[in-house]
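Peer 1: Attaching a single structure in structure tokens format; questions to follow.
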Amino acid sequence: FCYEIISRAIINEHDIQYQEQLGHGNGGTVYKAYHILGKRVLAVKVIPLDITAELQKQIMSELEILYKCDSPYIITFYSAFFVENRISICTEFMDGGSLDVYRRIPEHVLGRIAVAVVKGLTYLWSLKILHRDVKPSNMLVNTRGQVKLCDFGVSTQLVNSIAKTYVGTNAYMAPERISGEQYGIHSDVWSVGISFMEVNVASGGSLSVSEPPVLPVGQFSDKFVHFITQCMKKLPKERPAPNDLMDHPFIVHFNDGNAEVVSMWVCCCLEERRAPWEGG
Ligand code: ATP
Ligand code: MG
């Protein structure tokens, strides 16, 4: 128990061995790394930031709430530190990676993933945290069948500092956010809808904001289609509230705690990626 607290609190840059690059986003680069003292694999996100020492301090204190996040549906935060003009954020490593590289996820798998996502968001909302960046690349899976959310906006200052260098539109943003209105729980709910629609419909590439999304008929259960449609209501107040999400028939149907289903699917997909010439 003590070990956990210590290893969550102090990670020194010199004790980290960087391994391969896992991916690159708008803000920074994510590496797989090994923490020698803690004897565990980490995901380290490195974000270059040219900001004052004062702002660095503010970001560090805003990130402190992450130590309090304790949910099986939220990525575990270990530590964050500044070295020169960049911040490194160390979290739990997920060996299945993010959902954006999986396509045409069968509904019985997607259902279990959706349950975890809804539970993770409900947990964040209960801490008065809005995710603000719900999308497939921020939903992580592992071979144990766990599904966890990452990259939620706990530090306003960090988000603002990154935003200065970031230009472009986000296809997962709710309409009210694009038009500059107030962001709320309902805006996160929109992004859940469009994320699950995308992982199921597209076979590569992203949805475009300008095209109204439509699900192909006949391929999905009525429960799934209804869930997506409700989440993507244009008017924020018409979208399901947190309790309505948990009580939605699609979520209730798959809320059986069966991690085996996701686990087997992740393992199969990883196997296929390793040996693409075998099998389908
Ligand atoms: P954005 O910058 O808009 O958030 P993004 O989510 O694609 O876009 P990053 O957050 O930098 O970009 O993540 C890059 C990639 O690193 C992700 O797509 C994911 O595949 C991988 N990744 C991130 N965190 C982890 C983690 N904890 N474990 C395993 N892979 C991770
Ligand atoms: Mg991300």
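So you can find residues: chains in the structure tokens are A, B, ... in the order shown, residues in each start at 1, and ligands are numbered from 1 in order.
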List as JSON lines every residue of chain A that is in contact with ligand 1, defined as an atom at most 8 Å from one of its atoms (using only C-alpha atoms and all ligand atoms), together with the nearest atom pair and the distance in Å rounded to one decimal, sorted by chain and then rising number.

Peer 2:
{"residue": "A:Gln21", "atom": "CA", "partner": "ligand 1", "partner_atom_place_in_ligand_line": "16 (O)", "distance": 7.9}
{"residue": "A:Leu22", "atom": "CA", "partner": "ligand 1", "partner_atom_place_in_ligand_line": "16 (O)", "distance": 4.7}
{"residue": "A:Gly23", "atom": "CA", "partner": "ligand 1", "partner_atom_place_in_ligand_line": "15 (C)", "distance": 3.7}
{"residue": "A:His24", "atom": "CA", "partner": "ligand 1", "partner_atom_place_in_ligand_line": "14 (C)", "distance": 4.4}
{"residue": "A:Gly25", "atom": "CA", "partner": "ligand 1", "partner_atom_place_in_ligand_line": "12 (O)", "distance": 3.2}
{"residue": "A:Asn26", "atom": "CA", "partner": "ligand 1", "partner_atom_place_in_ligand_line": "2 (O)", "distance": 3.8}
{"residue": "A:Gly27", "atom": "CA", "partner": "ligand 1", "partner_atom_place_in_ligand_line": "2 (O)", "distance": 4.9}
{"residue": "A:Gly28", "atom": "CA", "partner": "ligand 1", "partner_atom_place_in_ligand_line": "11 (O)", "distance": 5.2}
{"residue": "A:Thr29", "atom": "CA", "partner": "ligand 1", "partner_atom_place_in_ligand_line": "11 (O)", "distance": 5.0}
{"residue": "A:Val30", "atom": "CA", "partner": "ligand 1", "partner_atom_place_in_ligand_line": "16 (O)", "distance": 5.0}
{"residue": "A:Tyr31", "atom": "CA", "partner": "ligand 1", "partner_atom_place_in_ligand_line": "16 (O)", "distance": 7.4}
{"residue": "A:Lys32", "atom": "CA", "partner": "ligand 1", "partner_atom_place_in_ligand_line": "29 (C)", "distance": 7.2}
{"residue": "A:Leu42", "atom": "CA", "partner": "ligand 1", "partner_atom_place_in_ligand_line": "27 (N)", "distance": 7.2}
{"residue": "A:Ala43", "atom": "CA", "partner": "ligand 1", "partner_atom_place_in_ligand_line": "27 (N)", "distance": 4.7}
{"residue": "A:Val44", "atom": "CA", "partner": "ligand 1", "partner_atom_place_in_ligand_line": "27 (N)", "distance": 7.5}
{"residue": "A:Lys45", "atom": "CA", "partner": "ligand 1", "partner_atom_place_in_ligand_line": "11 (O)", "distance": 6.6}
{"residue": "A:Ile75", "atom": "CA", "partner": "ligand 1", "partner_atom_place_in_ligand_line": "27 (N)", "distance": 6.8}
{"residue": "A:Thr91", "atom": "CA", "partner": "ligand 1", "partner_atom_place_in_ligand_line": "27 (N)", "distance": 5.8}
{"residue": "A:Glu92", "atom": "CA", "partner": "ligand 1", "partner_atom_place_in_ligand_line": "27 (N)", "distance": 5.3}
{"residue": "A:Phe93", "atom": "CA", "partner": "ligand 1", "partner_atom_place_in_ligand_line": "28 (N)", "distance": 3.9}
{"residue": "A:Met94", "atom": "CA", "partner": "ligand 1", "partner_atom_place_in_ligand_line": "28 (N)", "distance": 3.8}
{"residue": "A:Asp95", "atom": "CA", "partner": "ligand 1", "partner_atom_place_in_ligand_line": "29 (C)", "distance": 5.8}
{"residue": "A:Gly96", "atom": "CA", "partner": "ligand 1", "partner_atom_place_in_ligand_line": "29 (C)", "distance": 6.9}
{"residue": "A:Gly97", "atom": "CA", "partner": "ligand 1", "partner_atom_place_in_ligand_line": "30 (N)", "distance": 4.3}
{"residue": "A:Ser98", "atom": "CA", "partner": "ligand 1", "partner_atom_place_in_ligand_line": "20 (O)", "distance": 4.4}
{"residue": "A:Leu99", "atom": "CA", "partner": "ligand 1", "partner_atom_place_in_ligand_line": "20 (O)", "distance": 7.6}
{"residue": "A:Asp100", "atom": "CA", "partner": "ligand 1", "partner_atom_place_in_ligand_line": "18 (O)", "distance": 7.0}
{"residue": "A:Val101", "atom": "CA", "partner": "ligand 1", "partner_atom_place_in_ligand_line": "20 (O)", "distance": 7.6}
{"residue": "A:Asp133", "atom": "CA", "partner": "ligand 1", "partner_atom_place_in_ligand_line": "4 (O)", "distance": 7.1}
{"residue": "A:Lys135", "atom": "CA", "partner": "ligand 1", "partner_atom_place_in_ligand_line": "6 (O)", "distance": 7.7}
{"residue": "A:Pro136", "atom": "CA", "partner": "ligand 1", "partner_atom_place_in_ligand_line": "6 (O)", "distance": 7.9}
{"residue": "A:Ser137", "atom": "CA", "partner": "ligand 1", "partner_atom_place_in_ligand_line": "6 (O)", "distance": 4.5}
{"residue": "A:Asn138", "atom": "CA", "partner": "ligand 1", "partner_atom_place_in_ligand_line": "6 (O)", "distance": 5.1}
{"residue": "A:Leu140", "atom": "CA", "partner": "ligand 1", "partner_atom_place_in_ligand_line": "28 (N)", "distance": 6.6}
{"residue": "A:Cys150", "atom": "CA", "partner": "ligand 1", "partner_atom_place_in_ligand_line": "24 (N)", "distance": 6.9}
{"residue": "A:Asp151", "atom": "CA", "partner": "ligand 1", "partner_atom_place_in_ligand_line": "10 (O)", "distance": 6.4}

Peer 1: Neighbours of Gly145 in chain A within 12 Å (only C-alpha atoms; same-chain residues fewer than 6 positions away dropped), as JSON, numbers by chain?

Peer 2: {"A": [72, 73, 94, 95, 96, 97, 109, 110, 112, 113, 116, 257, 258, 259, 260, 261, 262, 263, 264, 265, 266, 267, 268]}

Peer 1: Got a sec: who's within 12 Å of Glu176 in chain A, counting only C-alpha atoms, leaving out chain neighbours fewer than 4 positions off, as number ranges by chain?

Peer 2: A: 172, 180-188, 190-191, 232-237

Peer 1: Please report, as JSON, numbers by chain, each residue of range 20-247 of chain A to which DSSP assigns alpha helix (DSSP H) when run on this structure's backbone.

Peer 2: {"A": [53, 54, 55, 56, 57, 58, 59, 60, 61, 62, 63, 107, 108, 109, 110, 111, 112, 113, 114, 115, 116, 117, 118, 119, 120, 121, 122, 123, 124, 125, 126, 156, 157, 158, 159, 160, 161, 162, 163, 175, 176, 177, 178, 185, 186, 187, 188, 189, 190, 191, 192, 193, 194, 195, 196, 197, 198, 199, 200, 201, 222, 223, 224, 225, 226, 227, 228, 229, 230, 231, 242, 243, 244, 245, 246]}

Peer 1: For CA of Thr52 in chain A and CA of Ile11 in chain A, quote the distance in Å rounded to one decimal.

Peer 2: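 Going from CA of Thr52 in chain A over to CA of Ile11 in chain A covers 22.3 Å.
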
Peer 1: Which residues, written as a list in words, have at least one atom at most 6 Å from range 240-256 of chain A, with only C-alpha atoms counted and residues fewer than 5 positions away on the same chain left out?

Peer 2: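 Skipping anything fewer than 5 positions along the chain leaves Gly111, Arg112, Val115, Lys223 and Phe224 of chain A.
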
Peer 1: Got a sec to tell me which of range 51-85 of chain A DSSP assigns to strand (DSSP E or B), as a list in words?

Peer 2: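 Here is the list: Ile74, Phe77, Tyr78, Ser79, Ala80, Phe81, Phe82 and Val83 of chain A.
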
Peer 1: Could you write out that same residue set with C-alpha atoms as a CSV table (one decimal), in the first residue's frame?

Peer 2:
chain,number,residue,atom,x,y,z
A,74,ILE,CA,-10.0,5.7,-15.7
A,77,PHE,CA,-2.1,8.7,-13.1
A,78,TYR,CA,1.4,8.2,-11.7
A,79,SER,CA,3.2,11.4,-11.9
A,80,ALA,CA,4.0,14.5,-13.9
A,81,PHE,CA,7.1,16.7,-14.1
A,82,PHE,CA,8.6,19.5,-16.1
A,83,VAL,CA,12.0,19.2,-17.6

Peer 1: Which distance in Å separates CA of Arg104 in chain A and CA of Ile228 in chain A, to one decimal?

Peer 2: 15.5 Å

Peer 1: What does the structure give for the distance between CA of Val41 in chain A and CA of Val141 in chain A, in Å to one decimal?

Peer 2: 15.2 Å
